[in-house]
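Take a look at the structure below.
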Amino acid sequence: MNRFSRLLDGLAKTRRAIADGLRAALAGRRVLDPEALERLEETLIAADIGVETTTHLLSALRDRLGSSETTEESAAAVLADEIERILTAAERRPAATGGARPLVTMVVGVNGVGKTTTIGKLAARHAAAGRTVVVAAADTFRAAAGEQLAVWADRSDAQIVGGAPGGDPAAVAYDALSAAVARGADVLIVDTAGRLHTRSNLMAELQKIRRVLAGRMPGAPHETLLVLDANTGQNAIEQARQFDRSLGLSGVFLAKLDGTARGGIVVAIAKELGLPVLFVGTGEGVADVEEFAPRAFARALVGLPEDGAGARPAA
Ligand code: GDP
């Protein structure tokens, strides 16, 4: 299966909802009248594109299509174009890492979003590209987290550095970075805790990990990636806002895009927070990950076929 058809597959439920909504909005009409726009508004909000973004998209439709004859395709093309613009505008330039070795990525997110699986996928991608990987199991509170991580790490030949249960997560991160440097590893991925009930403590703990990493290697962590569960809808926006405020994120890994009809959340994250989605998770397997491409995503989201333009080379 090629990358676009995997993305289509992952987005199937969201696409169906939006395509059905467009069809219903235009049913028996030749133009997008106020009632049609209202129906479309409901569809887009239900797909978790967000109120602000939906308002923007509807006014773009009004401006660009006016009272001219409208088909599902022409309306979808305008939506895809506007969505692509929003997604592209949110792309943050990657931090200048100066070819840092190891490249240090800190992975954050609340428990259950798919963080451990995501780290497994990222480690496997690096390993497939011939890079050596060390994983820091810095969630010392969940005994199972370290074990689960070890299984994933094993599958991609990554080395894992853990600590005693209940130990200091920042110390684990420090040790793992020292080990990665000593071994000449290309990449260090730092898993972190994500318990929800003590959020201010959690943020303080994550900030401490950042400080300790930076103290051991200036410039580290080079990336801070937030994992979000696509099923959580608007709640994901709130999580992203809090983590970004406390840690300054590089971008989002949106897990579980398959199986949700709320894939529009990607657009809301870009528009409301200016945060880029860098990867999407499209299944439970280690290979079920796609590098995010704004144009392909925008077209897939509204049910248009791939056009090849603007595609990024496969990484
Ligand atoms: P953590 O608590 O955040 O570390 O979450 P886990 O990595 O343990 O994942 C929680 C559940 O989500 C597991 O059942 C995973 O298989 C599942 N999961 C993770 N990523 C994806 C994804 O992209 N798609 C699907 N369908 N399931 C996923």
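Ligands are numbered from 1 in the order shown, chains are lettered A, B, ... in the order of the structure tokens, and residues start at 1 in each chain.
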Env. residues ligand 1 / 8 Å / only C-alpha atoms and all ligand atoms / as a PyMOL selection string:
chain A and resi 109-119+145+148+194+227+229+254-259+280-285+288-289
Let's have the selection written as a short mmCIF file (atom, residue, chain, number, x, y, z; two decimals), in the first residue's frame, with N, CA, C and O atoms.
```cif
data_model
loop_
_atom_site.label_atom_id
_atom_site.label_comp_id
_atom_site.auth_asym_id
_atom_site.auth_seq_id
_atom_site.Cartn_x
_atom_site.Cartn_y
_atom_site.Cartn_z
N GLY A 109 3.08 13.70 26.63
CA GLY A 109 1.66 13.48 26.37
C GLY A 109 1.03 12.76 27.54
O GLY A 109 1.72 12.09 28.31
N VAL A 110 -0.28 12.89 27.69
CA VAL A 110 -0.95 12.27 28.83
C VAL A 110 -1.08 10.76 28.63
O VAL A 110 -1.07 10.27 27.50
N ASN A 111 -1.17 10.04 29.72
CA ASN A 111 -1.24 8.58 29.66
C ASN A 111 -2.39 8.11 28.78
O ASN A 111 -3.49 8.66 28.84
N GLY A 112 -2.11 7.07 28.00
CA GLY A 112 -3.17 6.45 27.22
C GLY A 112 -3.32 6.98 25.81
O GLY A 112 -4.04 6.41 25.00
N VAL A 113 -2.63 8.08 25.49
CA VAL A 113 -2.79 8.65 24.15
C VAL A 113 -2.09 7.81 23.07
O VAL A 113 -2.40 7.94 21.88
N GLY A 114 -1.17 6.96 23.51
CA GLY A 114 -0.42 6.15 22.54
C GLY A 114 1.06 6.49 22.52
O GLY A 114 1.76 6.21 21.55
N LYS A 115 1.54 7.05 23.61
CA LYS A 115 2.93 7.54 23.66
C LYS A 115 3.96 6.42 23.49
O LYS A 115 4.90 6.54 22.71
N THR A 116 3.74 5.32 24.21
CA THR A 116 4.71 4.22 24.14
C THR A 116 4.76 3.63 22.73
O THR A 116 5.84 3.40 22.17
N THR A 117 3.59 3.42 22.16
CA THR A 117 3.51 2.89 20.79
C THR A 117 4.21 3.83 19.82
O THR A 117 4.95 3.42 18.93
N THR A 118 3.96 5.12 20.00
CA THR A 118 4.55 6.14 19.13
C THR A 118 6.07 6.11 19.19
O THR A 118 6.75 6.20 18.17
N ILE A 119 6.60 5.97 20.40
CA ILE A 119 8.06 5.91 20.54
C ILE A 119 8.59 4.68 19.80
O ILE A 119 9.62 4.74 19.12
N ALA A 145 5.20 0.82 32.04
CA ALA A 145 5.65 1.65 30.92
C ALA A 145 7.05 1.22 30.46
O ALA A 145 7.29 1.06 29.26
N GLN A 148 6.92 -2.20 28.66
CA GLN A 148 6.31 -2.07 27.33
C GLN A 148 7.29 -1.42 26.36
O GLN A 148 7.42 -1.84 25.22
N GLY A 194 3.04 10.81 32.04
CA GLY A 194 1.90 11.56 31.53
C GLY A 194 0.70 11.45 32.44
O GLY A 194 -0.43 11.50 31.96
N VAL A 227 2.37 13.86 21.89
CA VAL A 227 1.49 12.85 21.31
C VAL A 227 0.07 13.15 21.75
O VAL A 227 -0.21 13.34 22.94
N ASP A 229 -4.17 11.99 21.12
CA ASP A 229 -5.09 10.96 20.65
C ASP A 229 -6.16 11.66 19.80
O ASP A 229 -6.88 12.52 20.31
N LEU A 254 0.02 12.91 16.00
CA LEU A 254 -1.39 12.62 16.23
C LEU A 254 -1.64 11.13 16.06
O LEU A 254 -1.65 10.62 14.94
N ALA A 255 -1.81 10.44 17.19
CA ALA A 255 -2.01 8.99 17.17
C ALA A 255 -3.49 8.67 16.98
O ALA A 255 -4.36 9.50 17.23
N LYS A 256 -3.73 7.44 16.52
CA LYS A 256 -5.09 6.90 16.41
C LYS A 256 -5.97 7.68 15.44
O LYS A 256 -7.17 7.84 15.67
N LEU A 257 -5.36 8.16 14.36
CA LEU A 257 -6.16 8.85 13.35
C LEU A 257 -7.11 7.86 12.69
O LEU A 257 -8.21 8.22 12.26
N ASP A 258 -6.67 6.60 12.60
CA ASP A 258 -7.56 5.55 12.10
C ASP A 258 -8.66 5.38 13.15
O ASP A 258 -8.44 5.58 14.34
N GLY A 259 -9.83 5.04 12.70
CA GLY A 259 -10.87 4.74 13.67
C GLY A 259 -11.53 5.95 14.29
O GLY A 259 -12.32 5.83 15.21
N VAL A 280 1.34 11.27 11.75
CA VAL A 280 0.07 10.71 12.21
C VAL A 280 0.23 9.21 12.39
O VAL A 280 0.95 8.54 11.64
N GLY A 281 -0.45 8.69 13.40
CA GLY A 281 -0.47 7.25 13.65
C GLY A 281 -1.73 6.69 13.02
O GLY A 281 -2.82 7.21 13.22
N THR A 282 -1.56 5.60 12.25
CA THR A 282 -2.71 5.06 11.51
C THR A 282 -2.99 3.61 11.87
O THR A 282 -3.61 2.89 11.10
N GLY A 283 -2.52 3.16 13.03
CA GLY A 283 -2.80 1.80 13.45
C GLY A 283 -1.91 1.40 14.61
O GLY A 283 -1.07 2.18 15.06
N GLU A 284 -2.09 0.17 15.08
CA GLU A 284 -1.34 -0.28 16.26
C GLU A 284 0.03 -0.87 15.93
O GLU A 284 0.84 -1.10 16.81
N GLY A 285 0.27 -1.12 14.64
CA GLY A 285 1.52 -1.76 14.24
C GLY A 285 2.68 -0.76 14.17
O GLY A 285 2.46 0.44 14.09
N ASP A 288 2.71 1.62 11.25
CA ASP A 288 1.51 2.43 11.02
C ASP A 288 1.74 3.89 11.41
O ASP A 288 1.15 4.41 12.37
N VAL A 289 2.63 4.53 10.66
CA VAL A 289 2.95 5.93 10.93
C VAL A 289 3.20 6.61 9.59
O VAL A 289 3.80 6.02 8.69
#
```
Can you list, as a VMD selection string, every protein, DNA or RNA residue that comes within 12 Å of Ala204 in chain A when you count only C-alpha atoms, leaving out same-chain residues fewer than 2 positions away?
chain A and resid 169 to 170 193 198 to 202 206 to 211 243 246 to 247
Residues from last step as file, N, CA and C atoms, as a PDB file, in the first residue's frame:
```pdb
ATOM      1  N   PRO A 169      13.064  10.882  37.327  1.00  0.00           N
ATOM      2  CA  PRO A 169      13.020  10.798  35.859  1.00  0.00           C
ATOM      3  C   PRO A 169      14.150  11.595  35.192  1.00  0.00           C
ATOM      4  N   ALA A 170      14.495  12.755  35.781  1.00  0.00           N
ATOM      5  CA  ALA A 170      15.540  13.579  35.172  1.00  0.00           C
ATOM      6  C   ALA A 170      16.888  12.861  35.217  1.00  0.00           C
ATOM      7  N   ALA A 193       6.662  10.779  31.725  1.00  0.00           N
ATOM      8  CA  ALA A 193       5.412  10.446  32.407  1.00  0.00           C
ATOM      9  C   ALA A 193       4.270  11.293  31.845  1.00  0.00           C
ATOM     10  N   THR A 198      -1.957  15.323  38.493  1.00  0.00           N
ATOM     11  CA  THR A 198      -1.103  16.319  39.135  1.00  0.00           C
ATOM     12  C   THR A 198      -0.390  17.123  38.066  1.00  0.00           C
ATOM     13  N   ARG A 199      -1.173  17.840  37.285  1.00  0.00           N
ATOM     14  CA  ARG A 199      -0.613  18.446  36.081  1.00  0.00           C
ATOM     15  C   ARG A 199       0.516  19.435  36.355  1.00  0.00           C
ATOM     16  N   SER A 200       0.385  20.232  37.422  1.00  0.00           N
ATOM     17  CA  SER A 200       1.441  21.227  37.623  1.00  0.00           C
ATOM     18  C   SER A 200       2.740  20.540  38.026  1.00  0.00           C
ATOM     19  N   ASN A 201       2.627  19.458  38.815  1.00  0.00           N
ATOM     20  CA  ASN A 201       3.829  18.689  39.141  1.00  0.00           C
ATOM     21  C   ASN A 201       4.422  18.057  37.897  1.00  0.00           C
ATOM     22  N   LEU A 202       3.531  17.573  37.038  1.00  0.00           N
ATOM     23  CA  LEU A 202       3.995  16.931  35.810  1.00  0.00           C
ATOM     24  C   LEU A 202       4.790  17.926  34.971  1.00  0.00           C
ATOM     25  N   LEU A 206       8.670  17.693  33.809  1.00  0.00           N
ATOM     26  CA  LEU A 206       9.107  17.712  32.405  1.00  0.00           C
ATOM     27  C   LEU A 206      10.110  18.846  32.163  1.00  0.00           C
ATOM     28  N   GLN A 207       9.849  19.988  32.817  1.00  0.00           N
ATOM     29  CA  GLN A 207      10.785  21.111  32.672  1.00  0.00           C
ATOM     30  C   GLN A 207      12.145  20.765  33.270  1.00  0.00           C
ATOM     31  N   LYS A 208      12.109  20.008  34.364  1.00  0.00           N
ATOM     32  CA  LYS A 208      13.378  19.603  34.986  1.00  0.00           C
ATOM     33  C   LYS A 208      14.155  18.675  34.043  1.00  0.00           C
ATOM     34  N   ILE A 209      13.435  17.763  33.397  1.00  0.00           N
ATOM     35  CA  ILE A 209      14.095  16.865  32.429  1.00  0.00           C
ATOM     36  C   ILE A 209      14.761  17.693  31.333  1.00  0.00           C
ATOM     37  N   ARG A 210      14.038  18.684  30.849  1.00  0.00           N
ATOM     38  CA  ARG A 210      14.610  19.560  29.799  1.00  0.00           C
ATOM     39  C   ARG A 210      15.898  20.229  30.289  1.00  0.00           C
ATOM     40  N   ARG A 211      15.836  20.783  31.498  1.00  0.00           N
ATOM     41  CA  ARG A 211      17.009  21.493  32.033  1.00  0.00           C
ATOM     42  C   ARG A 211      18.195  20.565  32.163  1.00  0.00           C
ATOM     43  N   PHE A 243       0.723  21.988  27.198  1.00  0.00           N
ATOM     44  CA  PHE A 243       2.090  21.486  27.013  1.00  0.00           C
ATOM     45  C   PHE A 243       2.950  22.510  26.266  1.00  0.00           C
ATOM     46  N   SER A 246       4.041  25.302  28.611  1.00  0.00           N
ATOM     47  CA  SER A 246       5.048  24.920  29.604  1.00  0.00           C
ATOM     48  C   SER A 246       6.380  24.524  28.976  1.00  0.00           C
ATOM     49  N   LEU A 247       6.328  23.946  27.777  1.00  0.00           N
ATOM     50  CA  LEU A 247       7.546  23.328  27.252  1.00  0.00           C
ATOM     51  C   LEU A 247       7.995  23.877  25.905  1.00  0.00           C
TER      52      LEU A 247
END
```
Would you give me, as a Markdown table, each residue of range 225-293 of chain A having an atom within 12 Å of an atom of range 60-82 of chain A, along with its shortest atom pair and that distance in Å to one decimal, using only C-alpha atoms and sorting by chain and residue number?
```
| residue | atom | partner | partner_atom | distance |
| --- | --- | --- | --- | --- |
| A:Gly264 | CA | A:Ala80 | CA | 11.8 |
| A:Val267 | CA | A:Glu82 | CA | 10.2 |
| A:Lys271 | CA | A:Glu82 | CA | 11.0 |
```
For the alpha helix (DSSP H) assignment from backbone DSSP, which residues of range 45-136 of chain A qualify? Please present them as a ChimeraX atom specification.
/A:45-46,51-65,72-89,115-128
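Here CA of Pro221 in chain A stands at a distance of 25.5 Å from CA of Pro294 in chain A.
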How far is it from CA of Phe292 in chain A to CA of Met203 in chain A, in Å with one decimal?
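We find that CA of Phe292 in chain A and CA of Met203 in chain A lie 27.0 Å from each other.
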Which residues are near Gln234 in chain A? Cut-off 8 Å, only C-alpha atoms, ignore same chain within fewer than 4 positions. Put them as a ChimeraX atom specification.
/A:48,50,238,265
One decimal, Å: what's the distance from CA of Ala143 in chain A over to CA of Val161 in chain A, could you say?
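Interatomic distance, CA of Ala143 in chain A to CA of Val161 in chain A: 13.9 Å.
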